[in-house]
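Q: Supplied structure: work.cif, mmCIF, C-alpha atoms.
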data_data
loop_
_atom_site.group_PDB
_atom_site.id
_atom_site.type_symbol
_atom_site.label_atom_id
_atom_site.label_comp_id
_atom_site.auth_asym_id
_atom_site.auth_seq_id
_atom_site.Cartn_x
_atom_site.Cartn_y
_atom_site.Cartn_z
ATOM 1 C CA MET A 224 15.429 22.130 -119.035
ATOM 2 C CA SER A 225 15.608 25.267 -116.905
ATOM 3 C CA ARG A 226 14.478 28.832 -117.464
ATOM 4 C CA ALA A 227 17.633 30.874 -117.945
ATOM 5 C CA ALA A 228 19.038 34.154 -119.274
ATOM 6 C CA VAL A 229 20.960 33.077 -122.377
ATOM 7 C CA CYS A 230 23.638 34.897 -124.350
ATOM 8 C CA GLY A 231 23.071 33.576 -127.869
ATOM 9 C CA GLU A 232 25.455 36.028 -129.516
ATOM 10 C CA TYR A 233 28.096 38.406 -128.246
ATOM 11 C CA GLY A 234 27.166 42.023 -127.752
ATOM 12 C CA PRO A 235 25.691 44.502 -125.267
ATOM 13 C CA PRO A 236 23.549 43.321 -122.337
ATOM 14 C CA GLU A 237 20.426 43.527 -124.467
ATOM 15 C CA VAL A 238 21.451 40.437 -126.482
ATOM 16 C CA VAL A 239 20.612 38.303 -123.430
ATOM 17 C CA ARG A 240 17.230 36.576 -123.697
ATOM 18 C CA VAL A 241 15.301 34.476 -121.162
ATOM 19 C CA GLN A 242 14.386 31.046 -122.516
ATOM 20 C CA GLU A 243 14.384 27.340 -121.711
ATOM 21 C CA TYR A 244 17.931 26.005 -121.561
ATOM 22 C CA PRO A 245 19.269 22.476 -120.912
ATOM 23 C CA VAL A 246 21.021 21.792 -117.614
ATOM 24 C CA PRO A 247 23.050 18.568 -117.267
ATOM 25 C CA THR A 248 22.596 16.158 -114.414
ATOM 26 C CA ALA A 249 25.201 16.335 -111.666
ATOM 27 C CA GLY A 250 28.215 14.190 -112.500
ATOM 28 C CA ILE A 251 31.099 12.899 -110.413
ATOM 29 C CA GLY A 252 32.039 15.469 -107.784
ATOM 30 C CA GLN A 253 29.233 17.796 -108.835
ATOM 31 C CA VAL A 254 26.135 19.281 -107.195
ATOM 32 C CA GLY A 255 22.903 20.582 -108.667
ATOM 33 C CA VAL A 256 21.524 23.765 -107.113
ATOM 34 C CA ARG A 257 18.092 25.339 -107.376
ATOM 35 C CA VAL A 258 19.149 28.985 -107.640
ATOM 36 C CA HIS A 259 17.288 31.578 -105.584
ATOM 37 C CA MET A 260 19.483 34.657 -106.065
ATOM 38 C CA ALA A 261 22.320 35.443 -108.463
ATOM 39 C CA ALA A 262 24.644 38.447 -108.277
ATOM 40 C CA VAL A 263 25.647 40.486 -111.311
ATOM 41 C CA ASN A 264 29.361 41.274 -111.573
ATOM 42 C CA PHE A 265 31.149 43.439 -114.124
ATOM 43 C CA PRO A 266 32.968 40.455 -115.688
ATOM 44 C CA ASP A 267 29.517 39.076 -116.604
ATOM 45 C CA VAL A 268 29.030 42.143 -118.814
ATOM 46 C CA LEU A 269 32.452 41.628 -120.382
ATOM 47 C CA LEU A 270 31.804 37.924 -121.050
ATOM 48 C CA VAL A 271 28.549 38.762 -122.853
ATOM 49 C CA ALA A 272 30.471 41.269 -124.974
ATOM 50 C CA ASP A 273 33.322 38.765 -125.531
ATOM 51 C CA SER A 274 35.778 41.332 -124.169
ATOM 52 C CA TYR A 275 36.878 39.505 -121.016
ATOM 53 C CA GLN A 276 40.292 37.868 -120.582
ATOM 54 C CA VAL A 277 38.707 34.508 -121.408
ATOM 55 C CA SER A 278 35.963 33.721 -123.902
ATOM 56 C CA ILE A 279 32.949 31.428 -123.480
ATOM 57 C CA PRO A 280 31.462 29.998 -126.683
ATOM 58 C CA THR A 281 27.854 30.972 -127.343
ATOM 59 C CA PRO A 282 25.224 30.074 -126.421
ATOM 60 C CA PHE A 283 25.890 30.282 -122.699
ATOM 61 C CA VAL A 284 24.200 31.408 -119.500
ATOM 62 C CA PRO A 285 26.050 34.298 -117.836
ATOM 63 C CA GLY A 286 26.338 34.700 -114.078
ATOM 64 C CA SER A 287 29.179 33.704 -111.792
ATOM 65 C CA GLU A 288 27.779 34.061 -108.259
ATOM 66 C CA PHE A 289 24.656 32.562 -106.723
ATOM 67 C CA ALA A 290 22.839 31.272 -103.652
ATOM 68 C CA GLY A 291 20.234 28.551 -103.483
ATOM 69 C CA VAL A 292 19.333 25.044 -102.310
ATOM 70 C CA VAL A 293 20.951 21.733 -103.291
ATOM 71 C CA ASP A 294 18.541 19.555 -105.281
ATOM 72 C CA GLU A 295 20.935 16.898 -106.625
ATOM 73 C CA VAL A 296 24.213 15.353 -105.514
ATOM 74 C CA GLY A 297 26.391 13.572 -108.059
ATOM 75 C CA SER A 298 28.219 10.297 -107.525
ATOM 76 C CA GLN A 299 31.376 10.326 -105.403
ATOM 77 C CA THR A 300 30.381 13.752 -104.090
ATOM 78 C CA THR A 301 30.687 14.386 -100.375
ATOM 79 C CA GLY A 302 29.977 17.298 -98.067
ATOM 80 C CA PHE A 303 26.543 18.246 -99.363
ATOM 81 C CA ALA A 304 23.033 16.807 -99.199
ATOM 82 C CA VAL A 305 19.748 17.633 -100.909
ATOM 83 C CA GLY A 306 18.139 20.532 -99.065
ATOM 84 C CA ASP A 307 21.381 22.232 -98.000
ATOM 85 C CA ARG A 308 21.455 26.013 -98.380
ATOM 86 C CA VAL A 309 24.586 26.939 -100.341
ATOM 87 C CA THR A 310 26.356 29.761 -102.075
ATOM 88 C CA GLY A 311 28.757 29.278 -104.928
ATOM 89 C CA THR A 312 30.732 30.609 -107.855
ATOM 90 C CA ALA A 313 31.285 29.472 -111.418
ATOM 91 C CA MET A 314 32.535 31.085 -114.610
ATOM 92 C CA SER A 315 28.977 31.049 -115.949
ATOM 93 C CA GLY A 316 25.513 29.546 -115.495
ATOM 94 C CA ALA A 317 24.111 31.421 -112.479
ATOM 95 C CA PHE A 318 21.406 33.460 -114.231
ATOM 96 C CA ALA A 319 19.100 30.447 -114.305
ATOM 97 C CA GLU A 320 16.581 28.580 -112.191
ATOM 98 C CA ARG A 321 19.110 25.777 -111.823
ATOM 99 C CA VAL A 322 22.862 25.288 -112.128
ATOM 100 C CA VAL A 323 25.255 22.317 -111.852
ATOM 101 C CA VAL A 324 28.726 23.044 -110.447
ATOM 102 C CA ASP A 325 31.698 21.295 -108.888
ATOM 103 C CA ALA A 326 31.152 20.703 -105.186
ATOM 104 C CA ALA A 327 34.461 22.462 -104.463
ATOM 105 C CA SER A 328 32.960 25.752 -105.646
ATOM 106 C CA LEU A 329 30.178 25.678 -103.016
ATOM 107 C CA ALA A 330 30.025 26.727 -99.378
ATOM 108 C CA PRO A 331 27.213 26.386 -96.825
ATOM 109 C CA ILE A 332 25.190 29.503 -96.095
ATOM 110 C CA PRO A 333 25.491 30.267 -92.371
ATOM 111 C CA ASP A 334 22.323 30.073 -90.299
ATOM 112 C CA GLY A 335 20.580 33.426 -90.106
ATOM 113 C CA VAL A 336 21.967 34.662 -93.441
ATOM 114 C CA ASP A 337 19.389 35.015 -96.223
ATOM 115 C CA ALA A 338 19.917 34.089 -99.867
ATOM 116 C CA ALA A 339 20.190 37.697 -101.059
ATOM 117 C CA THR A 340 22.959 38.505 -98.599
ATOM 118 C CA ALA A 341 24.759 35.240 -99.347
ATOM 119 C CA ALA A 342 24.691 35.837 -103.104
ATOM 120 C CA ALA A 343 25.834 39.444 -102.801
ATOM 121 C CA PHE A 344 28.508 38.885 -100.173
ATOM 122 C CA GLY A 345 30.769 36.207 -101.584
ATOM 123 C CA VAL A 346 32.903 37.449 -104.468
ATOM 124 C CA ALA A 347 33.111 41.135 -103.557
ATOM 125 C CA HIS A 348 33.802 40.728 -99.852
ATOM 126 C CA ARG A 349 36.152 37.785 -100.301
ATOM 127 C CA THR A 350 38.108 39.711 -102.926
ATOM 128 C CA ALA A 351 38.282 42.797 -100.725
ATOM 129 C CA TYR A 352 39.217 40.917 -97.547
ATOM 130 C CA HIS A 353 41.956 38.776 -99.074
ATOM 131 C CA THR A 354 43.273 41.905 -100.804
ATOM 132 C CA LEU A 355 43.424 43.902 -97.585
ATOM 133 C CA ARG A 356 44.747 41.131 -95.348
ATOM 134 C CA SER A 357 47.185 39.241 -97.563
ATOM 135 C CA MET A 358 48.217 41.644 -100.329
ATOM 136 C CA ALA A 359 48.002 45.121 -98.810
ATOM 137 C CA ARG A 360 48.910 43.874 -95.300
ATOM 138 C CA LEU A 361 46.559 46.519 -93.926
ATOM 139 C CA ARG A 362 47.164 47.458 -90.302
ATOM 140 C CA ALA A 363 45.084 49.357 -87.760
ATOM 141 C CA GLY A 364 45.760 53.054 -88.144
ATOM 142 C CA ASP A 365 46.745 52.839 -91.825
ATOM 143 C CA GLU A 366 45.479 55.396 -94.304
ATOM 144 C CA LEU A 367 43.541 53.449 -96.961
ATOM 145 C CA VAL A 368 42.390 54.894 -100.296
ATOM 146 C CA VAL A 369 39.677 52.917 -102.112
ATOM 147 C CA LEU A 370 38.999 53.691 -105.768
ATOM 148 C CA GLY A 371 35.603 52.777 -107.172
ATOM 149 C CA ALA A 372 34.257 52.937 -103.636
ATOM 150 C CA GLY A 373 30.645 52.644 -104.769
ATOM 151 C CA GLY A 374 31.094 49.348 -106.621
ATOM 152 C CA GLY A 375 30.848 45.844 -105.229
ATOM 153 C CA VAL A 376 34.521 45.291 -104.393
ATOM 154 C CA GLY A 377 35.147 48.948 -103.609
ATOM 155 C CA LEU A 378 32.312 49.299 -101.115
ATOM 156 C CA ALA A 379 33.300 45.987 -99.515
ATOM 157 C CA ALA A 380 36.869 47.299 -99.176
ATOM 158 C CA VAL A 381 35.528 50.425 -97.472
ATOM 159 C CA GLN A 382 33.529 48.383 -94.955
ATOM 160 C CA LEU A 383 36.292 45.912 -94.266
ATOM 161 C CA GLY A 384 39.004 48.553 -94.103
ATOM 162 C CA VAL A 385 37.062 50.306 -91.360
ATOM 163 C CA VAL A 386 36.548 47.024 -89.496
ATOM 164 C CA LEU A 387 40.295 46.362 -89.693
ATOM 165 C CA GLY A 388 40.989 49.743 -88.112
ATOM 166 C CA ALA A 389 42.089 51.815 -91.094
ATOM 167 C CA ARG A 390 41.092 55.391 -91.861
ATOM 168 C CA VAL A 391 39.357 55.181 -95.234
ATOM 169 C CA THR A 392 39.291 57.695 -98.078
ATOM 170 C CA ALA A 393 36.584 56.751 -100.576
ATOM 171 C CA VAL A 394 36.908 57.804 -104.222
ATOM 172 C CA ALA A 395 33.816 57.446 -106.421
ATOM 173 C CA SER A 396 31.959 59.059 -109.310
ATOM 174 C CA SER A 397 28.815 60.424 -107.640
ATOM 175 C CA ALA A 398 27.522 61.961 -104.446
ATOM 176 C CA GLU A 399 25.140 59.027 -103.975
ATOM 177 C CA LYS A 400 27.990 56.502 -104.087
ATOM 178 C CA LEU A 401 30.048 58.567 -101.665
ATOM 179 C CA ASP A 402 27.114 58.925 -99.273
ATOM 180 C CA THR A 403 26.824 55.133 -99.222
ATOM 181 C CA ALA A 404 30.560 54.765 -98.593
ATOM 182 C CA ALA A 405 30.253 57.247 -95.726
ATOM 183 C CA SER A 406 27.428 55.205 -94.229
ATOM 184 C CA TYR A 407 29.864 52.274 -94.016
ATOM 185 C CA GLY A 408 32.543 54.317 -92.280
ATOM 186 C CA ALA A 409 34.582 56.175 -94.911
ATOM 187 C CA SER A 410 35.825 59.353 -93.246
ATOM 188 C CA ARG A 411 37.034 61.217 -96.344
ATOM 189 C CA LEU A 412 35.067 61.418 -99.585
ATOM 190 C CA ILE A 413 36.314 62.432 -103.041
ATOM 191 C CA ASN A 414 34.209 62.728 -106.190
ATOM 192 C CA HIS A 415 36.780 62.290 -108.947
ATOM 193 C CA ARG A 416 34.412 63.816 -111.492
ATOM 194 C CA THR A 417 34.417 67.232 -109.827
ATOM 195 C CA GLY A 418 38.150 67.963 -109.911
ATOM 196 C CA GLU A 419 41.664 66.616 -110.251
ATOM 197 C CA LEU A 420 42.115 63.470 -108.150
ATOM 198 C CA ARG A 421 45.808 64.048 -107.459
ATOM 199 C CA ALA A 422 45.136 67.477 -105.933
ATOM 200 C CA ALA A 423 42.135 66.226 -103.956
ATOM 201 C CA LEU A 424 44.150 63.371 -102.446
ATOM 202 C CA ARG A 425 47.018 65.699 -101.577
ATOM 203 C CA GLU A 426 44.577 67.984 -99.764
ATOM 204 C CA VAL A 427 42.993 65.292 -97.588
ATOM 205 C CA LEU A 428 46.165 63.190 -97.165
ATOM 206 C CA PRO A 429 49.068 65.658 -96.967
ATOM 207 C CA ASP A 430 51.314 62.974 -95.463
ATOM 208 C CA GLY A 431 50.271 60.373 -98.019
ATOM 209 C CA ALA A 432 48.412 57.056 -97.897
ATOM 210 C CA ASP A 433 49.660 53.667 -96.766
ATOM 211 C CA VAL A 434 47.492 51.568 -99.084
ATOM 212 C CA VAL A 435 45.545 52.048 -102.324
ATOM 213 C CA VAL A 436 43.039 49.428 -103.478
ATOM 214 C CA ASP A 437 42.179 49.846 -107.166
ATOM 215 C CA PRO A 438 39.348 47.871 -108.810
ATOM 216 C CA VAL A 439 38.955 50.558 -111.504
ATOM 217 C CA GLY A 440 42.169 51.208 -113.409
ATOM 218 C CA GLY A 441 42.133 53.841 -116.133
ATOM 219 C CA GLU A 442 43.032 57.450 -115.408
ATOM 220 C CA LEU A 443 42.515 57.121 -111.640
ATOM 221 C CA SER A 444 45.391 54.713 -111.011
ATOM 222 C CA GLU A 445 48.398 56.963 -111.472
ATOM 223 C CA PRO A 446 47.214 59.895 -109.314
ATOM 224 C CA ALA A 447 46.230 57.425 -106.585
ATOM 225 C CA LEU A 448 49.622 55.756 -106.753
ATOM 226 C CA ARG A 449 51.285 59.177 -106.485
ATOM 227 C CA ALA A 450 49.321 59.729 -103.259
ATOM 228 C CA LEU A 451 51.170 56.888 -101.511
ATOM 229 C CA ARG A 452 53.801 57.732 -98.929
ATOM 230 C CA ARG A 453 57.176 56.036 -99.096
ATOM 231 C CA GLY A 454 56.819 52.293 -98.539
ATOM 232 C CA GLY A 455 53.117 52.302 -99.417
ATOM 233 C CA ARG A 456 51.281 49.439 -101.123
ATOM 234 C CA PHE A 457 49.210 49.716 -104.305
ATOM 235 C CA VAL A 458 46.990 46.712 -105.074
ATOM 236 C CA THR A 459 45.322 46.376 -108.457
ATOM 237 C CA VAL A 460 42.167 44.245 -108.337
ATOM 238 C CA GLY A 461 40.620 44.836 -111.762
ATOM 239 C CA PHE A 462 39.853 47.300 -114.505
ATOM 240 C CA ALA A 463 36.179 48.240 -114.264
ATOM 241 C CA SER A 464 36.908 51.382 -116.289
ATOM 242 C CA GLY A 465 37.777 49.157 -119.236
ATOM 243 C CA VAL A 466 41.212 50.778 -119.510
ATOM 244 C CA ILE A 467 44.449 49.171 -118.290
ATOM 245 C CA PRO A 468 46.644 51.990 -116.945
ATOM 246 C CA ARG A 469 50.301 52.586 -117.790
ATOM 247 C CA ILE A 470 52.242 53.352 -114.621
ATOM 248 C CA PRO A 471 55.631 55.143 -114.857
ATOM 249 C CA LEU A 472 58.000 52.740 -113.120
ATOM 250 C CA ASN A 473 60.187 55.592 -111.909
ATOM 251 C CA LEU A 474 57.444 56.337 -109.367
ATOM 252 C CA VAL A 475 57.865 52.867 -107.888
ATOM 253 C CA LEU A 476 61.615 53.378 -107.626
ATOM 254 C CA ILE A 477 61.568 56.924 -106.288
ATOM 255 C CA LYS A 478 58.787 56.371 -103.755
ATOM 256 C CA GLY A 479 59.947 52.927 -102.646
ATOM 257 C CA ILE A 480 56.412 51.545 -102.994
ATOM 258 C CA GLN A 481 55.078 48.078 -103.763
ATOM 259 C CA VAL A 482 52.708 47.427 -106.670
ATOM 260 C CA LEU A 483 50.790 44.182 -106.236
ATOM 261 C CA GLY A 484 48.085 42.308 -108.101
ATOM 262 C CA PHE A 485 45.342 40.305 -106.439
ATOM 263 C CA GLN A 486 44.245 36.821 -107.480
ATOM 264 C CA PHE A 487 42.787 34.227 -105.129
ATOM 265 C CA GLN A 488 45.357 31.601 -106.102
ATOM 266 C CA ASP A 489 48.212 33.859 -104.994
ATOM 267 C CA VAL A 490 47.090 33.961 -101.353
ATOM 268 C CA PRO A 491 49.201 31.551 -99.259
ATOM 269 C CA PRO A 492 47.043 28.553 -98.193
ATOM 270 C CA THR A 493 47.370 29.152 -94.456
ATOM 271 C CA GLU A 494 46.435 32.802 -94.877
ATOM 272 C CA PHE A 495 43.583 31.886 -97.208
ATOM 273 C CA ASP A 496 41.970 29.667 -94.585
ATOM 274 C CA ARG A 497 42.505 32.292 -91.882
ATOM 275 C CA ASN A 498 40.970 35.033 -94.041
ATOM 276 C CA GLU A 499 37.954 32.908 -94.954
ATOM 277 C CA SER A 500 37.314 32.060 -91.299
ATOM 278 C CA GLU A 501 37.638 35.666 -90.178
ATOM 279 C CA LEU A 502 35.354 36.924 -92.921
ATOM 280 C CA ARG A 503 32.699 34.309 -92.170
ATOM 281 C CA ASP A 504 32.746 35.363 -88.507
ATOM 282 C CA LEU A 505 32.293 39.008 -89.536
ATOM 283 C CA LEU A 506 29.270 38.075 -91.672
ATOM 284 C CA VAL A 507 27.629 35.864 -89.046
ATOM 285 C CA SER A 508 28.163 38.465 -86.326
ATOM 286 C CA GLY A 509 26.614 41.188 -88.479
ATOM 287 C CA ARG A 510 29.696 43.396 -88.321
ATOM 288 C CA VAL A 511 29.756 43.490 -92.121
ATOM 289 C CA THR A 512 27.024 42.874 -94.661
ATOM 290 C CA ALA A 513 26.382 43.160 -98.366
ATOM 291 C CA HIS A 514 24.860 46.365 -99.738
ATOM 292 C CA VAL A 515 22.189 45.382 -102.278
ATOM 293 C CA ASN A 516 21.398 48.234 -104.648
ATOM 294 C CA ALA A 517 18.713 46.591 -106.785
ATOM 295 C CA VAL A 518 16.980 43.240 -107.335
ATOM 296 C CA TYR A 519 15.686 42.321 -110.805
ATOM 297 C CA PRO A 520 13.479 39.371 -111.796
ATOM 298 C CA LEU A 521 15.053 36.790 -114.081
ATOM 299 C CA ALA A 522 12.916 38.099 -116.941
ATOM 300 C CA GLU A 523 14.841 41.392 -116.687
ATOM 301 C CA ALA A 524 18.339 39.925 -116.578
ATOM 302 C CA ALA A 525 19.433 42.116 -119.494
ATOM 303 C CA ALA A 526 18.353 45.218 -117.563
ATOM 304 C CA ALA A 527 20.333 44.028 -114.541
ATOM 305 C CA LEU A 528 23.431 43.639 -116.717
ATOM 306 C CA ARG A 529 22.841 47.095 -118.192
ATOM 307 C CA HIS A 530 22.574 48.574 -114.673
ATOM 308 C CA VAL A 531 26.062 47.271 -113.918
ATOM 309 C CA ALA A 532 27.492 48.032 -117.364
ATOM 310 C CA ASP A 533 26.521 51.703 -117.068
ATOM 311 C CA GLY A 534 28.277 52.079 -113.716
ATOM 312 C CA ARG A 535 25.044 52.850 -111.870
ATOM 313 C CA ALA A 536 25.337 50.025 -109.341
ATOM 314 C CA ILE A 537 26.109 50.876 -105.728
ATOM 315 C CA GLY A 538 27.262 47.727 -103.994
ATOM 316 C CA LYS A 539 25.658 44.708 -105.624
ATOM 317 C CA VAL A 540 22.843 44.083 -108.107
ATOM 318 C CA LEU A 541 20.943 40.812 -107.801
ATOM 319 C CA ILE A 542 18.691 38.684 -109.999
ATOM 320 C CA ASP A 543 15.864 36.807 -108.292
ATOM 321 C CA THR A 544 15.677 33.676 -110.426
ATOM 322 C CA ARG A 545 12.376 32.644 -108.838
ATOM 323 C CA THR A 546 10.508 35.581 -110.401
#
Do you think you could lay out the structure here as structure tokens?

A:
Amino acid sequence: MSRAAVCGEYGPPEVVRVQEYPVPTAGIGQVGVRVHMAAVNFPDVLLVADSYQVSIPTPFVPGSEFAGVVDEVGSQTTGFAVGDRVTGTAMSGAFAERVVVDAASLAPIPDGVDAATAAAFGVAHRTAYHTLRSMARLRAGDELVVLGAGGGVGLAAVQLGVVLGARVTAVASSAEKLDTAASYGASRLINHRTGELRAALREVLPDGADVVVDPVGGELSEPALRALRRGGRFVTVGFASGVIPRIPLNLVLIKGIQVLGFQFQDVPPTEFDRNESELRDLLVSGRVTAHVNAVYPLAEAAAALRHVADGRAIGKVLIDTRT
């Protein structure tokens, strides 16, 4: 048994309760991990509400991203040993003192990187980097617009866009989120709650943008797409707003732009390995890092989910499963 945050019925974050929960032993090709830190992502909120694109039968332990120490290695499993520091992803199970996952979903934590950074860095920065490198084909000197620039993927895209040499326009819903984006190098800041986004983008980018990265969807997508110059690239990453936008296809035709979707499995294998290596080097060198907004104890996992559900998170929210 392991202490865990359990979703016993679908609903808002408050349905999650901390209790003892069974964890299986590591099977063939699996590894058991003593979790130290878990990151809260918006899909975790959707899974608890049973409004994600896939459904997990209750009861289940939410949480898809974690860092910790290997405490069990299953049969026919290679590459890991008890005591290894690792980070990993899974559809669920991370909001617990212990999790068992396939070895293929784990990666070693580089020396000098702490568990909090490792847990917060993985999904958001990997999503943003693969998006920028392999989907958007971002080049030095490009004008990059990032929607949802205060969220996990959005803020990572701001940081990484700057590192890749782009000029970044950050779009977010509060002054605090925009201040954080500015601290990571965004040179233009737009609060979409204080005026019309289309007009604001036209003012700061009169010649248009080369790339838009959109983890938000909803009413922000179309005006951002309209801000692209001819030949620009629009990459949809997710729909944190909860609304899937309807884009007039005549805009794609008239402007000669590309509309792309990001999923890890669509990145060509050779590019995937290159991107992962480059991103790891950026983390180890300290050129990029995860922005941790808040850390909750496991006992307050529901509050951590609520923090993310309400759109208050800047960067990443973590759960310390040891407390």

Q: Which residue, A:Phe303, A:Tyr233, A:Phe462, A:Phe495, has the smallest gap to Ile279 of chain A when you use only C-alpha atoms?

A: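 Checking each candidate against Ile279 of chain A, we get A:Tyr233 as the closest.
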
Q: What residues come out when you apply the PyMOL selection byres ((chain A and resi 367) around 8) to this file, written as JSON, numbers by chain?

A: {"A": [365, 366, 368, 369, 384, 389, 390, 391, 392, 432, 433, 434, 435, 436]}

Q: Select, counting all atoms listed in the file, all protein, DNA and RNA residues no farther than 10 Å from (31.3, 29.0, -128.7) in file coordinates, and express the selection as a PyMOL selection string.

A: chain A and resi 231-233+278-283

Q: Check which residues satisfy the PyMOL selection byres ((chain A and resi 532) around 10) in the file shown, then give them as number ranges by chain.

A: A: 235-236, 263-269, 463, 526-531, 533-536

Q: Applying the PyMOL selection byres ((chain A and resi 314) around 8) to the file I just gave you, which residues come out? Please list them as a count of residues only.

A: 7

Q: Just the number, please: distance in Å from atom CA of Val511 of chain A to atom CA of Leu383 of chain A, one decimal.

A: 7.3 Å

Q: What is the atom CA of Thr417 of chain A-atom CA of Val394 of chain A distance in Å, reported with one decimal?

A: 11.2 Å

Q: Distance atom CA of Glu288 of chain A-atom CA of Leu387 of chain A, one decimal place?

A: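 Spanning atom CA of Glu288 of chain A to atom CA of Leu387 of chain A is a straight-line distance of 25.5 Å.
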
Q: Using all atoms listed in the file, pick whichever of A:Leu521, A:Val309, A:Val256, A:Leu412 has the shortest atom-to-atom distance to Pro333 of chain A.

A: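 Looking only at the distances to Pro333 of chain A, the closest residue turns out to be A:Val309.
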
Q: Using only C-alpha atoms for the distances, tell me which of A:Gln299, A:Ser225, A:Ser274, A:Thr512 is nearest to Ala379 of chain A.

A: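 Once distances to Ala379 of chain A are computed over only C-alpha atoms, the minimum belongs to A:Thr512.
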
Q: Just the residues within 12 Å of Val324 of chain A, please, counting only C-alpha atoms, with nothing from its chain fewer than 4 positions along; format it as a PyMOL selection string.

A: chain A and resi 246-258+287-289+293-297+300+309-317+328-330

Q: Could you save those same residues with C-alpha atoms as a CSV table (one decimal), in the frame of the given file?

A:
chain,number,residue,atom,x,y,z
A,246,VAL,CA,21.0,21.8,-117.6
A,247,PRO,CA,23.0,18.6,-117.3
A,248,THR,CA,22.6,16.2,-114.4
A,249,ALA,CA,25.2,16.3,-111.7
A,250,GLY,CA,28.2,14.2,-112.5
A,251,ILE,CA,31.1,12.9,-110.4
A,252,GLY,CA,32.0,15.5,-107.8
A,253,GLN,CA,29.2,17.8,-108.8
A,254,VAL,CA,26.1,19.3,-107.2
A,255,GLY,CA,22.9,20.6,-108.7
A,256,VAL,CA,21.5,23.8,-107.1
A,257,ARG,CA,18.1,25.3,-107.4
A,258,VAL,CA,19.1,29.0,-107.6
A,287,SER,CA,29.2,33.7,-111.8
A,288,GLU,CA,27.8,34.1,-108.3
A,289,PHE,CA,24.7,32.6,-106.7
A,293,VAL,CA,21.0,21.7,-103.3
A,294,ASP,CA,18.5,19.6,-105.3
A,295,GLU,CA,20.9,16.9,-106.6
A,296,VAL,CA,24.2,15.4,-105.5
A,297,GLY,CA,26.4,13.6,-108.1
A,300,THR,CA,30.4,13.8,-104.1
A,309,VAL,CA,24.6,26.9,-100.3
A,310,THR,CA,26.4,29.8,-102.1
A,311,GLY,CA,28.8,29.3,-104.9
A,312,THR,CA,30.7,30.6,-107.9
A,313,ALA,CA,31.3,29.5,-111.4
A,314,MET,CA,32.5,31.1,-114.6
A,315,SER,CA,29.0,31.0,-115.9
A,316,GLY,CA,25.5,29.5,-115.5
A,317,ALA,CA,24.1,31.4,-112.5
A,328,SER,CA,33.0,25.8,-105.6
A,329,LEU,CA,30.2,25.7,-103.0
A,330,ALA,CA,30.0,26.7,-99.4

Q: Got a sec to check which residues sit within 12 Å of (56.9, 52.2, -108.6), counting all atoms listed in the file, and write them as a list in words?

A: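 Those within range, by chain then number, are Glu445, Leu448, Arg449, Ala450, Leu451, Arg452, Arg453, Gly454, Gly455, Arg456, Phe457, Val458, Arg469, Ile470, Pro471, Leu472, Asn473, Leu474, Val475, Leu476, Ile477, Lys478, Gly479, Ile480, Gln481, Val482 and Leu483 of chain A.
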
Q: May I ask which of the residues A:Val336, A:Val385, A:Leu443, A:Met260 is the closest one to Ala423 of chain A, counting only C-alpha atoms?

A: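 Looking only at the distances to Ala423 of chain A, the closest residue turns out to be A:Leu443.
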
Q: Fewer than 2 positions away in the same chain doesn't count, so skip those; otherwise give me all residues within 10 Å of Leu378 of chain A, counting only C-alpha atoms, as a ChimeraX atom specification.

A: /A:347-348,351,369-376,380-384,393,395,400-401,403-405,407,409,513-514,537-539

Q: If we count only C-alpha atoms, what is near Ser396 of chain A at a cut-off of 7 Å, once residues fewer than 4 positions away on the same chain are taken out, given as a list in words?

A: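 So, after excluding close chain neighbours, the residues are Asn414, His415 and Arg416 of chain A.
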
Q: Nearest to Pro520 of chain A: which of A:Asp402, A:Asp437, A:Glu320, A:Glu426 is it, counting only C-alpha atoms?

A: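 Ranked by minimum distance to Pro520 of chain A, first place goes to A:Glu320.
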
Q: Compare A:Ala447, A:Ala359, A:Ile467, A:Ile413 by their minimum atom-to-atom distance to Gly484 of chain A, counting all atoms listed in the file, and give me the closest one.

A: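 Among the listed residues, the smallest separation from Gly484 of chain A belongs to A:Ala359.
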
Q: Using all atoms of segment 259-262 of chain A listed in the file and a margin of 3 Å per side, can you give the axis-aligned box centre and edge lengths in Å to one decimal, as JSON?

A:
{"center_x": 21.0, "center_y": 35.0, "center_z": -107.0, "size_x": 13.4, "size_y": 12.9, "size_z": 8.9}
